[in-house]
Amino acid sequence: MTNVLKENGGTGTPLLVLPTGEQQILVACRIRPMTEDEILQGGTIIAHKVAEDNMVVLLDPDEDHDDILRANRSRERKYMFDVVSDARAGQQDVYASTAKILLGSVLEGYNATVFAYGATGAGKTYTMLGTENNPGIMYRTLHDLFVEIKKFEGQREYQVSMSYLEIYNELIRDLLAPSSSFLELREDAKGTIQVAGLSELITKTPEEVMEMLHKGNRARTQEPTKANKTSSRSHAVLQVNIKQRDVTRSHTEQVRFAKLYMIDLAGSERAAQTQNTGRRMMEGAHINRSLLALGNCINALSEKGNTKYVNYRDSKLTRILKDSLGGNSRTVMIAHISPASVHFEESRNTLNYADRAKYIKTKIRRNV
Ligand code: ADP
Ligand code: MG
């Protein structure tokens with residue numbers, strides 16, 4: 001994917017359509033800046049980007065120097081990804097080297113998925129949603145999608161619609177029409193999973209989208225836990241549907257359809273690290289269930305030859321993403337880590353998880 005990144009990295013460059021055939025997942029890593037809290041706690045920086053190689057070097061803060069010499073071990077763990085961003089990278093840089101690469105394919109009728117993975121506080125929501133003044137990937141992708149669509153005015157007719165849902169405790173809530181009731185998954189005759197009753201809003205401008213996203217995010221289930229004040233224990237799933245019709249031809253078969261998912265996953269830290277009991281522990285178990293199922297799917301898909309059975313049925317998240325992981329999709333995974341020594345364990349777990357994801361290979365077809 002390195003060439004694709006180079007050619008497509010800047011703003012205003014033409015969109016590139018990834019080649020058909022073997023899917024390549026693009027795996028990125030974002031190391032956020034130290035927060036004031038981490039600096040106040042006296043944390044040191046242990047995660048570094050090595051510029052040329054798109055490599056992350058993680059130092060084990062606990063390993064004693066003598067131990068290392070004796071065991072002939074290294075304090076350093078090295079991880080290679082398609083792209084690595086550190087504190088110097090802005091929102092546009094991160095977008096341009098990840099989600100933007102999918103846009104050309106989406107307009108050609110391929111499904112695509114962007115995941116933000118990482119522990120609570122590692123920067124997932126900042127990357128996906130961002131702030132009103134410095135929006136993240138969700139807004140930037142929609143913005144560029146509308147720019148591209150405008151270029152085809154008079155030739156193609158587009159309809160862009162979106163849904164925004166939350167999976168919390170394996171229960172699905174509509175973030176665009178919050179209510180106390182939960183939504184169920186249904187499988188249609190073709191085996192496609194639908195979220196029954198989920199609202200789908202037609203959007204025409206990125207500003208409209210932004211407003212909906214922020215409104216939706218305020219409806220997310222966010223409750224304080226001991227691990228983090230505004231711990232996010234839910235998965236937020238933005239689904240954008242792009243329907244296009246070639247108006248220069250009259251056939252109704254000329255309709256092309258693509259689905260783009262942008263997902264802010266729940267914190268990947270283990271339930272055991274959250275010093276809670278009762279209900280919160282149960283939530284932790286459920287989050288692990290969805291993330292575990294996602295991890296299992298990733299493992300199965302990354303097996304050599306891809307012959308292993310992929311079990312999507314284990315969680316709501318993987319059922320929804322069935323089409324978008326296995327079949328007909330391009331995937332970008334952005335693993336998020338804090339650079340601080342206090343988060344070593346979490347960072348190592350996240351980097352290991354992302355490292356496995358690099359090997360996903362599936363055959364992709366274009367939607368017809
Ligand atoms: P998560 O969604 O993974 O729990 P957040 O996105 O909420 O984490 O980030 C935690 C805190 O760090 C927030 O206050 C956020 O504004 C800040 N932050 C995260 N990433 C960055 C970044 N790249 N640059 C500046 N601040 C960031
Ligand atoms: Mg978050």
# chains A, B, ... in the order shown; residues from 1 in each chain; ligands from 1
$ residues_near_ligand --ligand "ligand 2" --cutoff "8 Å" --atoms "only C-alpha atoms and all ligand atoms" --output "list in words"
Thr120, Gly121, Gly123, Lys124, Thr125, Tyr126, Ser231, Ser232, Asp264, Leu265, Ala266 and Gly267 of chain A
$ residues_near_ligand --ligand "ligand 1" --cutoff "10 Å" --atoms "only C-alpha atoms and all ligand atoms" --output "ChimeraX atom specification"
/A:30-37,85-91,94,116-131,134,136,228-233,264-268,335-338
$ atom_distance --atom1 "CA of His48 in chain A" --atom2 "CA of Arg75 in chain A"
13.3 Å
$ atom_distance --atom1 "CA of Arg156 in chain A" --atom2 "CA of Gln239 in chain A"
21.7 Å
$ residues_around --residues "His235 in chain A" --least-positions-apart "6" --cutoff "10 Å" --atoms "only C-alpha atoms" --output "PyMOL selection string"
chain A and resi 116+165-170+172+220-221+263-267+287+290-291+317
$ decode --residues "range 308-357 of chain A" --atoms "N, CA and C atoms" --output "JSON list (two decimals), in the first residue's frame"
[["chain", "number", "residue", "atom", "x", "y", "z"],
["A", 308, "LYS", "N", -9.89, -20.68, 6.93],
["A", 308, "LYS", "CA", -10.50, -20.86, 8.24],
["A", 308, "LYS", "C", -11.93, -20.30, 8.24],
["A", 309, "TYR", "N", -12.79, -20.95, 8.97],
["A", 309, "TYR", "CA", -14.18, -20.49, 9.08],
["A", 309, "TYR", "C", -14.23, -19.18, 9.86],
["A", 310, "VAL", "N", -14.93, -18.21, 9.32],
["A", 310, "VAL", "CA", -15.02, -16.92, 10.00],
["A", 310, "VAL", "C", -16.38, -16.83, 10.67],
["A", 311, "ASN", "N", -16.37, -16.74, 11.97],
["A", 311, "ASN", "CA", -17.63, -16.71, 12.71],
["A", 311, "ASN", "C", -18.06, -15.27, 13.02],
["A", 312, "TYR", "N", -18.97, -14.79, 12.19],
["A", 312, "TYR", "CA", -19.48, -13.43, 12.38],
["A", 312, "TYR", "C", -20.62, -13.38, 13.40],
["A", 313, "ARG", "N", -21.16, -14.57, 13.73],
["A", 313, "ARG", "CA", -22.41, -14.59, 14.48],
["A", 313, "ARG", "C", -22.25, -14.33, 15.98],
["A", 314, "ASP", "N", -21.00, -14.25, 16.44],
["A", 314, "ASP", "CA", -20.76, -14.15, 17.88],
["A", 314, "ASP", "C", -21.11, -12.82, 18.53],
["A", 315, "SER", "N", -21.21, -11.75, 17.76],
["A", 315, "SER", "CA", -21.56, -10.47, 18.38],
["A", 315, "SER", "C", -22.34, -9.60, 17.41],
["A", 316, "LYS", "N", -22.99, -8.59, 17.95],
["A", 316, "LYS", "CA", -23.77, -7.66, 17.13],
["A", 316, "LYS", "C", -22.86, -6.94, 16.15],
["A", 317, "LEU", "N", -21.71, -6.52, 16.65],
["A", 317, "LEU", "CA", -20.79, -5.76, 15.81],
["A", 317, "LEU", "C", -20.35, -6.56, 14.59],
["A", 318, "THR", "N", -19.94, -7.80, 14.81],
["A", 318, "THR", "CA", -19.45, -8.59, 13.67],
["A", 318, "THR", "C", -20.58, -9.01, 12.75],
["A", 319, "ARG", "N", -21.79, -9.17, 13.28],
["A", 319, "ARG", "CA", -22.93, -9.49, 12.40],
["A", 319, "ARG", "C", -23.20, -8.31, 11.47],
["A", 320, "ILE", "N", -23.20, -7.11, 12.04],
["A", 320, "ILE", "CA", -23.45, -5.91, 11.21],
["A", 320, "ILE", "C", -22.36, -5.78, 10.15],
["A", 321, "LEU", "N", -21.14, -6.11, 10.53],
["A", 321, "LEU", "CA", -20.00, -5.87, 9.63],
["A", 321, "LEU", "C", -19.69, -7.04, 8.71],
["A", 322, "LYS", "N", -20.55, -8.05, 8.72],
["A", 322, "LYS", "CA", -20.29, -9.26, 7.95],
["A", 322, "LYS", "C", -19.86, -8.96, 6.51],
["A", 323, "ASP", "N", -20.67, -8.17, 5.82],
["A", 323, "ASP", "CA", -20.36, -7.81, 4.41],
["A", 323, "ASP", "C", -19.11, -6.98, 4.29],
["A", 324, "SER", "N", -18.80, -6.27, 5.35],
["A", 324, "SER", "CA", -17.77, -5.25, 5.24],
["A", 324, "SER", "C", -16.42, -5.73, 5.72],
["A", 325, "LEU", "N", -16.38, -6.92, 6.28],
["A", 325, "LEU", "CA", -15.09, -7.46, 6.68],
["A", 325, "LEU", "C", -14.68, -8.57, 5.71],
["A", 326, "GLY", "N", -15.64, -9.47, 5.50],
["A", 326, "GLY", "CA", -15.28, -10.66, 4.73],
["A", 326, "GLY", "C", -15.37, -10.44, 3.25],
["A", 327, "GLY", "N", -16.54, -9.99, 2.82],
["A", 327, "GLY", "CA", -16.80, -10.00, 1.39],
["A", 327, "GLY", "C", -16.24, -8.83, 0.65],
["A", 328, "ASN", "N", -17.07, -7.84, 0.61],
["A", 328, "ASN", "CA", -16.96, -6.88, -0.46],
["A", 328, "ASN", "C", -16.45, -5.54, 0.06],
["A", 329, "SER", "N", -15.32, -5.52, 0.69],
["A", 329, "SER", "CA", -14.97, -4.26, 1.35],
["A", 329, "SER", "C", -13.48, -3.99, 1.40],
["A", 330, "ARG", "N", -13.17, -2.74, 1.49],
["A", 330, "ARG", "CA", -11.80, -2.31, 1.80],
["A", 330, "ARG", "C", -11.81, -1.81, 3.24],
["A", 331, "THR", "N", -10.73, -2.05, 3.93],
["A", 331, "THR", "CA", -10.71, -1.75, 5.35],
["A", 331, "THR", "C", -9.50, -0.92, 5.74],
["A", 332, "VAL", "N", -9.75, 0.07, 6.57],
["A", 332, "VAL", "CA", -8.66, 0.82, 7.19],
["A", 332, "VAL", "C", -8.82, 0.67, 8.70],
["A", 333, "MET", "N", -7.76, 0.24, 9.35],
["A", 333, "MET", "CA", -7.80, 0.14, 10.80],
["A", 333, "MET", "C", -6.80, 1.14, 11.37],
["A", 334, "ILE", "N", -7.27, 2.02, 12.23],
["A", 334, "ILE", "CA", -6.35, 2.97, 12.86],
["A", 334, "ILE", "C", -6.23, 2.61, 14.33],
["A", 335, "ALA", "N", -5.06, 2.12, 14.69],
["A", 335, "ALA", "CA", -4.82, 1.75, 16.08],
["A", 335, "ALA", "C", -4.30, 2.99, 16.81],
["A", 336, "HIS", "N", -4.89, 3.25, 17.98],
["A", 336, "HIS", "CA", -4.53, 4.45, 18.74],
["A", 336, "HIS", "C", -3.77, 4.09, 20.00],
["A", 337, "ILE", "N", -2.70, 4.81, 20.24],
["A", 337, "ILE", "CA", -1.99, 4.60, 21.51],
["A", 337, "ILE", "C", -1.57, 5.93, 22.13],
["A", 338, "SER", "N", -1.47, 5.89, 23.45],
["A", 338, "SER", "CA", -0.89, 7.00, 24.19],
["A", 338, "SER", "C", 0.62, 6.79, 24.17],
["A", 339, "PRO", "N", 1.40, 7.88, 24.19],
["A", 339, "PRO", "CA", 2.85, 7.68, 24.20],
["A", 339, "PRO", "C", 3.40, 7.44, 25.61],
["A", 340, "ALA", "N", 2.54, 7.52, 26.62],
["A", 340, "ALA", "CA", 3.03, 7.59, 28.00],
["A", 340, "ALA", "C", 3.35, 6.22, 28.60],
["A", 341, "SER", "N", 4.37, 6.24, 29.46],
["A", 341, "SER", "CA", 4.83, 4.99, 30.09],
["A", 341, "SER", "C", 3.73, 4.31, 30.91],
["A", 342, "VAL", "N", 2.84, 5.10, 31.52],
["A", 342, "VAL", "CA", 1.78, 4.50, 32.34],
["A", 342, "VAL", "C", 0.83, 3.62, 31.52],
["A", 343, "HIS", "N", 0.82, 3.81, 30.22],
["A", 343, "HIS", "CA", -0.10, 3.03, 29.37],
["A", 343, "HIS", "C", 0.61, 1.94, 28.58],
["A", 344, "PHE", "N", 1.78, 1.55, 29.05],
["A", 344, "PHE", "CA", 2.57, 0.56, 28.31],
["A", 344, "PHE", "C", 1.78, -0.70, 27.94],
["A", 345, "GLU", "N", 1.11, -1.30, 28.95],
["A", 345, "GLU", "CA", 0.39, -2.56, 28.72],
["A", 345, "GLU", "C", -0.65, -2.41, 27.62],
["A", 346, "GLU", "N", -1.45, -1.34, 27.76],
["A", 346, "GLU", "CA", -2.50, -1.08, 26.78],
["A", 346, "GLU", "C", -1.92, -0.88, 25.40],
["A", 347, "SER", "N", -0.85, -0.11, 25.33],
["A", 347, "SER", "CA", -0.25, 0.17, 24.03],
["A", 347, "SER", "C", 0.28, -1.11, 23.40],
["A", 348, "ARG", "N", 0.90, -1.95, 24.22],
["A", 348, "ARG", "CA", 1.43, -3.20, 23.68],
["A", 348, "ARG", "C", 0.29, -4.09, 23.16],
["A", 349, "ASN", "N", -0.80, -4.17, 23.94],
["A", 349, "ASN", "CA", -1.94, -4.97, 23.48],
["A", 349, "ASN", "C", -2.50, -4.44, 22.17],
["A", 350, "THR", "N", -2.63, -3.12, 22.09],
["A", 350, "THR", "CA", -3.18, -2.50, 20.87],
["A", 350, "THR", "C", -2.28, -2.76, 19.67],
["A", 351, "LEU", "N", -0.98, -2.60, 19.87],
["A", 351, "LEU", "CA", -0.05, -2.80, 18.76],
["A", 351, "LEU", "C", -0.05, -4.26, 18.30],
["A", 352, "ASN", "N", -0.17, -5.19, 19.25],
["A", 352, "ASN", "CA", -0.22, -6.61, 18.87],
["A", 352, "ASN", "C", -1.48, -6.91, 18.07],
["A", 353, "TYR", "N", -2.59, -6.35, 18.50],
["A", 353, "TYR", "CA", -3.86, -6.56, 17.82],
["A", 353, "TYR", "C", -3.78, -6.02, 16.38],
["A", 354, "ALA", "N", -3.27, -4.81, 16.26],
["A", 354, "ALA", "CA", -3.17, -4.17, 14.94],
["A", 354, "ALA", "C", -2.19, -4.92, 14.04],
["A", 355, "ASP", "N", -1.17, -5.47, 14.64],
["A", 355, "ASP", "CA", -0.17, -6.22, 13.88],
["A", 355, "ASP", "C", -0.81, -7.44, 13.21],
["A", 356, "ARG", "N", -1.72, -8.10, 13.93],
["A", 356, "ARG", "CA", -2.42, -9.26, 13.34],
["A", 356, "ARG", "C", -3.30, -8.84, 12.18],
["A", 357, "ALA", "N", -3.93, -7.67, 12.33],
["A", 357, "ALA", "CA", -4.89, -7.21, 11.32],
["A", 357, "ALA", "C", -4.23, -6.98, 9.96]]
